[in-house]
>>> print(open('input.cif').read())   # mmCIF, N, CA and C atoms
data_work
#
loop_
_atom_site.label_atom_id
_atom_site.label_comp_id
_atom_site.auth_asym_id
_atom_site.auth_seq_id
_atom_site.Cartn_x
_atom_site.Cartn_y
_atom_site.Cartn_z
N MET N 1 -8.61 25.45 -36.01
CA MET N 1 -9.91 24.93 -36.38
C MET N 1 -9.96 23.44 -36.07
N LEU N 2 -11.09 22.98 -35.55
CA LEU N 2 -11.25 21.57 -35.23
C LEU N 2 -11.45 20.74 -36.48
N PRO N 3 -10.84 19.56 -36.54
CA PRO N 3 -11.05 18.70 -37.71
C PRO N 3 -12.50 18.23 -37.79
N GLN N 4 -13.04 18.17 -38.99
CA GLN N 4 -14.42 17.74 -39.20
C GLN N 4 -14.48 16.72 -40.31
N ARG N 5 -15.54 15.92 -40.29
CA ARG N 5 -15.85 15.03 -41.41
C ARG N 5 -17.36 14.91 -41.47
N ARG N 6 -17.87 14.63 -42.65
CA ARG N 6 -19.31 14.50 -42.86
C ARG N 6 -19.61 13.12 -43.39
N VAL N 7 -20.67 12.51 -42.85
CA VAL N 7 -21.12 11.18 -43.29
C VAL N 7 -22.64 11.18 -43.38
N ARG N 8 -23.19 10.25 -44.13
CA ARG N 8 -24.64 10.10 -44.20
C ARG N 8 -25.05 8.91 -43.35
N MET N 9 -26.10 9.08 -42.56
CA MET N 9 -26.59 8.02 -41.70
C MET N 9 -28.11 8.08 -41.69
N GLN N 10 -28.76 7.02 -42.03
CA GLN N 10 -30.21 6.94 -42.06
C GLN N 10 -30.83 8.12 -42.80
N GLY N 11 -30.22 8.50 -43.94
CA GLY N 11 -30.81 9.50 -44.82
C GLY N 11 -30.57 10.94 -44.44
N VAL N 12 -29.78 11.20 -43.40
CA VAL N 12 -29.53 12.59 -43.00
C VAL N 12 -28.02 12.81 -42.88
N LEU N 13 -27.63 14.05 -42.98
CA LEU N 13 -26.22 14.41 -42.93
C LEU N 13 -25.76 14.55 -41.48
N LEU N 14 -24.61 14.00 -41.19
CA LEU N 14 -24.01 14.14 -39.87
C LEU N 14 -22.67 14.84 -40.01
N ALA N 15 -22.33 15.67 -39.07
CA ALA N 15 -21.02 16.30 -39.05
C ALA N 15 -20.35 15.89 -37.75
N ALA N 16 -19.16 15.34 -37.83
CA ALA N 16 -18.42 14.92 -36.63
C ALA N 16 -17.30 15.91 -36.38
N THR N 17 -17.18 16.38 -35.16
CA THR N 17 -16.13 17.30 -34.78
C THR N 17 -15.37 16.69 -33.60
N MET N 18 -14.05 16.65 -33.72
CA MET N 18 -13.22 16.19 -32.60
C MET N 18 -13.09 17.37 -31.64
N CYS N 19 -13.51 17.17 -30.43
CA CYS N 19 -13.56 18.28 -29.48
C CYS N 19 -12.71 17.96 -28.25
N SER N 20 -11.68 18.75 -28.00
CA SER N 20 -10.81 18.50 -26.86
C SER N 20 -11.57 18.68 -25.55
N GLU N 21 -12.63 19.47 -25.56
CA GLU N 21 -13.44 19.66 -24.36
C GLU N 21 -14.03 18.34 -23.89
N TYR N 22 -14.24 17.42 -24.80
CA TYR N 22 -14.80 16.12 -24.48
C TYR N 22 -13.74 15.03 -24.59
N GLY N 23 -12.50 15.34 -24.23
CA GLY N 23 -11.44 14.35 -24.23
C GLY N 23 -11.05 13.87 -25.61
N GLY N 24 -11.31 14.65 -26.65
CA GLY N 24 -10.96 14.26 -28.00
C GLY N 24 -11.94 13.31 -28.64
N SER N 25 -12.99 12.96 -27.94
CA SER N 25 -14.00 12.08 -28.51
C SER N 25 -14.79 12.83 -29.56
N PRO N 26 -15.21 12.14 -30.62
CA PRO N 26 -16.00 12.85 -31.64
C PRO N 26 -17.37 13.22 -31.13
N MET N 27 -17.79 14.44 -31.45
CA MET N 27 -19.15 14.87 -31.21
C MET N 27 -19.87 14.73 -32.54
N ILE N 28 -20.94 14.00 -32.57
CA ILE N 28 -21.68 13.78 -33.80
C ILE N 28 -22.88 14.72 -33.83
N CYS N 29 -22.94 15.55 -34.88
CA CYS N 29 -24.03 16.51 -35.05
C CYS N 29 -24.96 16.01 -36.15
N LEU N 30 -26.21 15.85 -35.83
CA LEU N 30 -27.22 15.45 -36.81
C LEU N 30 -27.79 16.72 -37.45
N VAL N 31 -27.62 16.86 -38.75
CA VAL N 31 -28.17 18.00 -39.48
C VAL N 31 -29.59 17.63 -39.89
N LEU N 32 -30.56 18.32 -39.30
CA LEU N 32 -31.98 18.01 -39.55
C LEU N 32 -32.43 18.62 -40.86
N THR N 33 -33.10 17.83 -41.68
CA THR N 33 -33.45 18.25 -43.04
C THR N 33 -34.95 18.20 -43.32
N GLY N 34 -35.77 18.07 -42.30
CA GLY N 34 -37.22 17.97 -42.51
C GLY N 34 -37.85 19.30 -42.90
N LYS N 35 -39.01 19.19 -43.53
CA LYS N 35 -39.78 20.39 -43.91
C LYS N 35 -40.71 20.85 -42.79
N THR N 36 -40.92 19.99 -41.79
CA THR N 36 -41.76 20.34 -40.65
C THR N 36 -41.00 20.03 -39.35
N ILE N 37 -41.46 20.63 -38.26
CA ILE N 37 -40.87 20.35 -36.95
C ILE N 37 -41.06 18.87 -36.63
N GLU N 38 -42.21 18.32 -36.92
CA GLU N 38 -42.47 16.89 -36.64
C GLU N 38 -41.51 15.98 -37.40
N GLU N 39 -41.23 16.27 -38.66
CA GLU N 39 -40.27 15.47 -39.42
C GLU N 39 -38.89 15.53 -38.77
N ASN N 40 -38.51 16.70 -38.30
CA ASN N 40 -37.21 16.86 -37.65
C ASN N 40 -37.18 16.11 -36.32
N LEU N 41 -38.26 16.15 -35.58
CA LEU N 41 -38.33 15.39 -34.33
C LEU N 41 -38.22 13.89 -34.60
N GLU N 42 -38.81 13.42 -35.67
CA GLU N 42 -38.72 12.01 -36.04
C GLU N 42 -37.27 11.65 -36.41
N GLN N 43 -36.58 12.51 -37.17
CA GLN N 43 -35.17 12.27 -37.49
C GLN N 43 -34.35 12.20 -36.20
N PHE N 44 -34.64 13.11 -35.27
CA PHE N 44 -33.94 13.12 -33.99
C PHE N 44 -34.17 11.81 -33.24
N ARG N 45 -35.43 11.40 -33.10
CA ARG N 45 -35.75 10.19 -32.34
C ARG N 45 -35.08 8.95 -32.96
N ARG N 46 -35.10 8.87 -34.27
CA ARG N 46 -34.53 7.72 -34.98
C ARG N 46 -33.01 7.61 -34.78
N ASN N 47 -32.35 8.76 -34.64
CA ASN N 47 -30.89 8.78 -34.56
C ASN N 47 -30.34 9.10 -33.18
N ARG N 48 -31.19 9.29 -32.20
CA ARG N 48 -30.77 9.74 -30.86
C ARG N 48 -29.61 8.94 -30.27
N PRO N 49 -29.57 7.62 -30.39
CA PRO N 49 -28.47 6.88 -29.76
C PRO N 49 -27.08 7.20 -30.31
N TYR N 50 -27.00 7.80 -31.49
CA TYR N 50 -25.73 7.98 -32.17
C TYR N 50 -25.20 9.41 -32.14
N ILE N 51 -25.95 10.36 -31.62
CA ILE N 51 -25.62 11.78 -31.81
C ILE N 51 -25.37 12.51 -30.51
N SER N 52 -24.63 13.64 -30.61
CA SER N 52 -24.28 14.46 -29.45
C SER N 52 -24.95 15.83 -29.49
N LEU N 53 -25.29 16.30 -30.68
CA LEU N 53 -25.97 17.58 -30.83
C LEU N 53 -26.71 17.61 -32.17
N LEU N 54 -27.53 18.64 -32.33
CA LEU N 54 -28.39 18.78 -33.52
C LEU N 54 -28.15 20.12 -34.19
N GLU N 55 -28.35 20.14 -35.51
CA GLU N 55 -28.38 21.40 -36.25
C GLU N 55 -29.75 21.50 -36.91
N LEU N 56 -30.53 22.49 -36.51
CA LEU N 56 -31.84 22.72 -37.11
C LEU N 56 -31.69 23.68 -38.27
N ARG N 57 -31.90 23.18 -39.48
CA ARG N 57 -31.78 23.98 -40.70
C ARG N 57 -33.14 24.65 -40.97
N VAL N 58 -33.30 25.86 -40.48
CA VAL N 58 -34.55 26.60 -40.62
C VAL N 58 -34.84 26.90 -42.09
N ASP N 59 -33.81 27.06 -42.90
CA ASP N 59 -34.01 27.33 -44.32
C ASP N 59 -34.66 26.15 -45.04
N LEU N 60 -34.56 24.95 -44.50
CA LEU N 60 -35.18 23.77 -45.11
C LEU N 60 -36.62 23.56 -44.66
N LEU N 61 -37.02 24.26 -43.61
CA LEU N 61 -38.40 24.16 -43.14
C LEU N 61 -39.35 24.86 -44.11
N ALA N 62 -40.55 24.33 -44.23
CA ALA N 62 -41.59 25.03 -44.98
C ALA N 62 -41.82 26.38 -44.32
N PRO N 63 -42.06 27.44 -45.09
CA PRO N 63 -42.20 28.79 -44.50
C PRO N 63 -43.17 28.86 -43.32
N GLU N 64 -44.27 28.12 -43.37
CA GLU N 64 -45.25 28.17 -42.27
C GLU N 64 -44.74 27.48 -41.01
N ASN N 65 -43.64 26.77 -41.08
CA ASN N 65 -43.06 26.09 -39.92
C ASN N 65 -41.88 26.84 -39.31
N ARG N 66 -41.36 27.83 -39.98
CA ARG N 66 -40.13 28.50 -39.53
C ARG N 66 -40.27 29.15 -38.16
N GLU N 67 -41.36 29.86 -37.93
CA GLU N 67 -41.51 30.54 -36.65
C GLU N 67 -41.75 29.56 -35.51
N LYS N 68 -42.22 28.36 -35.81
CA LYS N 68 -42.43 27.32 -34.79
C LYS N 68 -41.10 26.79 -34.27
N ALA N 69 -40.04 27.04 -34.99
CA ALA N 69 -38.72 26.52 -34.61
C ALA N 69 -38.25 27.06 -33.27
N VAL N 70 -38.78 28.18 -32.82
CA VAL N 70 -38.35 28.77 -31.55
C VAL N 70 -38.53 27.78 -30.40
N ASP N 71 -39.50 26.89 -30.48
CA ASP N 71 -39.77 25.93 -29.41
C ASP N 71 -39.02 24.61 -29.58
N PHE N 72 -38.36 24.42 -30.70
CA PHE N 72 -37.72 23.13 -30.97
C PHE N 72 -36.73 22.69 -29.89
N PRO N 73 -35.83 23.56 -29.41
CA PRO N 73 -34.86 23.10 -28.40
C PRO N 73 -35.51 22.55 -27.13
N TYR N 74 -36.70 22.99 -26.80
CA TYR N 74 -37.40 22.50 -25.61
C TYR N 74 -37.96 21.09 -25.82
N GLN N 75 -37.99 20.63 -27.06
CA GLN N 75 -38.57 19.33 -27.37
C GLN N 75 -37.54 18.22 -27.49
N VAL N 76 -36.27 18.55 -27.33
CA VAL N 76 -35.19 17.57 -27.44
C VAL N 76 -34.27 17.69 -26.23
N ASP N 77 -33.47 16.66 -26.03
CA ASP N 77 -32.58 16.64 -24.86
C ASP N 77 -31.10 16.78 -25.24
N LEU N 78 -30.83 17.49 -26.33
CA LEU N 78 -29.46 17.73 -26.78
C LEU N 78 -29.30 19.21 -27.14
N PRO N 79 -28.06 19.71 -27.15
CA PRO N 79 -27.83 21.07 -27.63
C PRO N 79 -28.23 21.18 -29.10
N VAL N 80 -28.74 22.37 -29.47
CA VAL N 80 -29.21 22.59 -30.85
C VAL N 80 -28.53 23.82 -31.43
N ILE N 81 -28.02 23.66 -32.66
CA ILE N 81 -27.46 24.76 -33.44
C ILE N 81 -28.56 25.30 -34.34
N LEU N 82 -28.79 26.59 -34.32
CA LEU N 82 -29.76 27.24 -35.20
C LEU N 82 -29.05 27.73 -36.45
N THR N 83 -29.53 27.28 -37.62
CA THR N 83 -28.92 27.66 -38.90
C THR N 83 -30.01 28.06 -39.88
N CYS N 84 -29.79 29.13 -40.60
CA CYS N 84 -30.67 29.55 -41.70
C CYS N 84 -29.76 29.93 -42.87
N ARG N 85 -29.48 28.96 -43.71
CA ARG N 85 -28.49 29.11 -44.78
C ARG N 85 -29.08 29.79 -46.01
N ARG N 86 -28.39 30.83 -46.49
CA ARG N 86 -28.79 31.55 -47.70
C ARG N 86 -28.58 30.67 -48.93
N LYS N 87 -29.33 30.95 -50.00
CA LYS N 87 -29.13 30.24 -51.26
C LYS N 87 -27.70 30.42 -51.77
N SER N 88 -27.16 31.60 -51.61
CA SER N 88 -25.80 31.87 -52.08
C SER N 88 -24.75 31.05 -51.33
N ASP N 89 -25.13 30.47 -50.19
CA ASP N 89 -24.22 29.64 -49.41
C ASP N 89 -24.61 28.17 -49.45
N GLY N 90 -25.47 27.81 -50.42
CA GLY N 90 -25.86 26.41 -50.57
C GLY N 90 -27.12 26.03 -49.82
N GLY N 91 -27.79 27.00 -49.21
CA GLY N 91 -29.02 26.74 -48.49
C GLY N 91 -30.25 26.98 -49.35
N MET N 92 -31.39 27.07 -48.70
CA MET N 92 -32.66 27.26 -49.41
C MET N 92 -33.34 28.57 -49.07
N TYR N 93 -32.73 29.41 -48.21
CA TYR N 93 -33.39 30.65 -47.81
C TYR N 93 -33.16 31.72 -48.87
N GLY N 94 -34.24 32.18 -49.50
CA GLY N 94 -34.12 33.12 -50.60
C GLY N 94 -34.70 34.50 -50.34
N GLU N 95 -35.20 34.73 -49.13
CA GLU N 95 -35.75 36.06 -48.85
C GLU N 95 -34.61 37.03 -48.52
N SER N 96 -34.96 38.28 -48.25
CA SER N 96 -33.96 39.32 -48.02
C SER N 96 -33.16 39.06 -46.75
N GLU N 97 -31.97 39.66 -46.70
CA GLU N 97 -31.15 39.54 -45.50
C GLU N 97 -31.85 40.19 -44.31
N ARG N 98 -32.55 41.26 -44.54
CA ARG N 98 -33.29 41.91 -43.45
C ARG N 98 -34.29 40.94 -42.85
N HIS N 99 -35.02 40.24 -43.72
CA HIS N 99 -36.00 39.27 -43.23
C HIS N 99 -35.31 38.11 -42.51
N ARG N 100 -34.20 37.65 -43.05
CA ARG N 100 -33.46 36.54 -42.43
C ARG N 100 -32.94 36.95 -41.05
N PHE N 101 -32.39 38.16 -40.94
CA PHE N 101 -31.92 38.64 -39.63
C PHE N 101 -33.07 38.73 -38.64
N SER N 102 -34.22 39.23 -39.08
CA SER N 102 -35.39 39.33 -38.20
C SER N 102 -35.83 37.94 -37.72
N LEU N 103 -35.87 37.00 -38.66
CA LEU N 103 -36.25 35.63 -38.31
C LEU N 103 -35.27 35.04 -37.30
N MET N 104 -33.98 35.17 -37.57
CA MET N 104 -32.97 34.63 -36.67
C MET N 104 -33.04 35.29 -35.29
N GLU N 105 -33.27 36.59 -35.27
CA GLU N 105 -33.39 37.30 -34.00
C GLU N 105 -34.58 36.77 -33.19
N GLU N 106 -35.68 36.55 -33.86
CA GLU N 106 -36.88 36.02 -33.19
C GLU N 106 -36.63 34.59 -32.70
N LEU N 107 -36.05 33.76 -33.53
CA LEU N 107 -35.80 32.37 -33.15
C LEU N 107 -34.74 32.26 -32.06
N ALA N 108 -33.82 33.20 -32.00
CA ALA N 108 -32.78 33.17 -30.97
C ALA N 108 -33.36 33.31 -29.56
N LYS N 109 -34.61 33.69 -29.45
CA LYS N 109 -35.28 33.76 -28.14
C LYS N 109 -35.52 32.36 -27.58
N GLY N 110 -35.43 31.36 -28.45
CA GLY N 110 -35.54 29.97 -28.00
C GLY N 110 -34.27 29.55 -27.30
N PHE N 111 -34.22 28.33 -26.84
CA PHE N 111 -33.11 27.84 -26.05
C PHE N 111 -32.05 27.16 -26.92
N PHE N 112 -31.63 27.83 -27.99
CA PHE N 112 -30.59 27.30 -28.87
C PHE N 112 -29.24 27.45 -28.20
N SER N 113 -28.41 26.42 -28.33
CA SER N 113 -27.07 26.45 -27.73
C SER N 113 -26.09 27.25 -28.58
N TYR N 114 -26.29 27.22 -29.91
CA TYR N 114 -25.41 27.89 -30.85
C TYR N 114 -26.24 28.48 -31.98
N ILE N 115 -25.71 29.56 -32.58
CA ILE N 115 -26.32 30.14 -33.78
C ILE N 115 -25.23 30.19 -34.84
N ASP N 116 -25.50 29.59 -35.98
CA ASP N 116 -24.54 29.49 -37.08
C ASP N 116 -24.72 30.72 -37.99
N LEU N 117 -23.68 31.54 -38.09
CA LEU N 117 -23.68 32.71 -38.97
C LEU N 117 -22.48 32.63 -39.90
N GLU N 118 -22.61 33.17 -41.08
CA GLU N 118 -21.54 33.19 -42.06
C GLU N 118 -20.51 34.25 -41.66
N ASP N 119 -19.27 34.07 -42.11
CA ASP N 119 -18.23 35.02 -41.75
C ASP N 119 -18.39 36.37 -42.43
N ASP N 120 -19.20 36.46 -43.48
CA ASP N 120 -19.41 37.74 -44.16
C ASP N 120 -20.76 38.37 -43.82
N VAL N 121 -21.39 37.90 -42.76
CA VAL N 121 -22.74 38.38 -42.45
C VAL N 121 -22.78 39.88 -42.17
N LYS N 122 -21.78 40.43 -41.51
CA LYS N 122 -21.76 41.86 -41.22
C LYS N 122 -21.65 42.67 -42.52
N GLN N 123 -20.76 42.25 -43.39
CA GLN N 123 -20.54 42.93 -44.66
C GLN N 123 -21.81 42.84 -45.53
N ILE N 124 -22.37 41.69 -45.65
CA ILE N 124 -23.58 41.51 -46.47
C ILE N 124 -24.75 42.24 -45.83
N GLY N 125 -24.83 42.19 -44.50
CA GLY N 125 -25.91 42.87 -43.81
C GLY N 125 -25.94 44.36 -44.11
N ARG N 126 -24.80 44.98 -44.15
CA ARG N 126 -24.73 46.42 -44.47
C ARG N 126 -25.13 46.68 -45.90
N ALA N 127 -24.75 45.77 -46.79
CA ALA N 127 -25.02 45.99 -48.21
C ALA N 127 -26.48 45.73 -48.58
N HIS N 128 -27.14 44.82 -47.89
CA HIS N 128 -28.46 44.38 -48.31
C HIS N 128 -29.58 44.63 -47.32
N VAL N 129 -29.28 45.19 -46.16
CA VAL N 129 -30.35 45.40 -45.16
C VAL N 129 -31.02 46.72 -45.38
#
>>> encode(input="input.cif", output="structure tokens")
Amino acid sequence: MLPQRRVRMQGVLLAATMCSEYGGSPMICLVLTGKTIEENLEQFRRNRPYISLLELRVDLLAPENREKAVDFPYQVDLPVILTCRRKSDGGMYGESERHRFSLMEELAKGFFSYIDLEDDVKQIGRAHV
């Protein structure tokens, strides 16, 4: 597993990962925490000089903005991780696993570089879908 550390910068959470693919240089991931796509774009613009990739937290978006997330990767010039964290995992998504899987499947049609899934997603999916 790659070493990680988390820091706060300009009001948002950053995760740094040392990646041998990039010569051991830290890759800084900006975790977007806005309730709207526009708020997330503003966080991105404000921090662009310092970051290497983005994590779009769909669970933190207002429900009416979640489906708009499919276009988010086209609006930025960095790789984007798609995340929809359940309440049981410290996130804000409280709907059913079936609904969460459907949302993630729909959003995955966008140009996301990575999709963040929990290690127990298969087990929970069978139990709750």
>>> closest_residue(input="input.cif", among="N:Ile115, N:Ala108, N:Ala62, N:Ile51", to="Leu82 in chain N", atoms="all atoms listed in the file")
N:Ile115
>>> atom_distance(input="input.cif", atom1="CA of Leu60 in chain N", atom2="CA of Asp120 in chain N")
21.1 Å
>>> closest_residue(input="input.cif", among="N:Ser25, N:Thr83, N:Asp119, N:Glu55", to="Met104 in chain N", atoms="only N, CA and C atoms")
N:Thr83
>>> residues_around(input="input.cif", residues="Glu38 in chain N", least_positions_apart="4", cutoff="12 Å", atoms="only C-alpha atoms", output="ChimeraX atom specification")
/N:32-34,42-45,61-62,65,68-69,71-72,75-76
>>> residues_around(input="input.cif", residues="range 85-89 of chain N", least_positions_apart="4", cutoff="6.5 Å", atoms="only N, CA and C atoms", output="list in words")
Arg57, Val58, Asp59, Tyr93 and Gly94 of chain N
>>> closest_residue(input="input.cif", among="N:Met27, N:Cys84, N:Leu41, N:Met92", to="Glu67 in chain N", atoms="only C-alpha atoms")
N:Cys84
>>> atom_distance(input="input.cif", atom1="atom C of Pro49 in chain N", atom2="atom C of Glu106 in chain N")
29.1 Å
>>> select_by_dssp(input="input.cif", residues="range 16-100 of chain N", states="strand (DSSP E)", output="list of chain:residue names")
N:Ala16, N:Thr17, N:Met18, N:Pro26, N:Met27, N:Ile28, N:Cys29, N:Leu30, N:Val31, N:Leu32, N:Leu53, N:Leu54, N:Glu55, N:Leu56, N:Arg57, N:Val80, N:Ile81, N:Leu82, N:Thr83
>>> closest_residue(input="input.cif", among="N:Ser102, N:Asp116, N:Leu53, N:Asn47", to="Asp77 in chain N", atoms="only N, CA and C atoms")
N:Leu53
>>> atom_distance(input="input.cif", atom1="CA of Gly110 in chain N", atom2="CA of Arg66 in chain N")
12.5 Å
>>> closest_residue(input="input.cif", among="N:Phe112, N:Glu64, N:Val31, N:His99", to="Val80 in chain N", atoms="all atoms listed in the file")
N:Phe112
>>> select_by_dssp(input="input.cif", residues="range 12-104 of chain N", states="helix (DSSP H, G or I)", output="PyMOL selection string")
chain N and resi 20-22+37-50+58-60+63-75+87-89+97-104
>>> closest_residue(input="input.cif", among="N:Tyr74, N:Phe111, N:Tyr50, N:Phe101", to="Ile28 in chain N", atoms="only C-alpha atoms")
N:Tyr50
>>> axis_aligned_box(input="input.cif", around="range 23-38 of chain N", padding_each_side="3 Å", output="JSON")
{"center_x": -26.7, "center_y": 16.5, "center_z": -34.1, "size_x": 37.5, "size_y": 14.8, "size_z": 25.7}
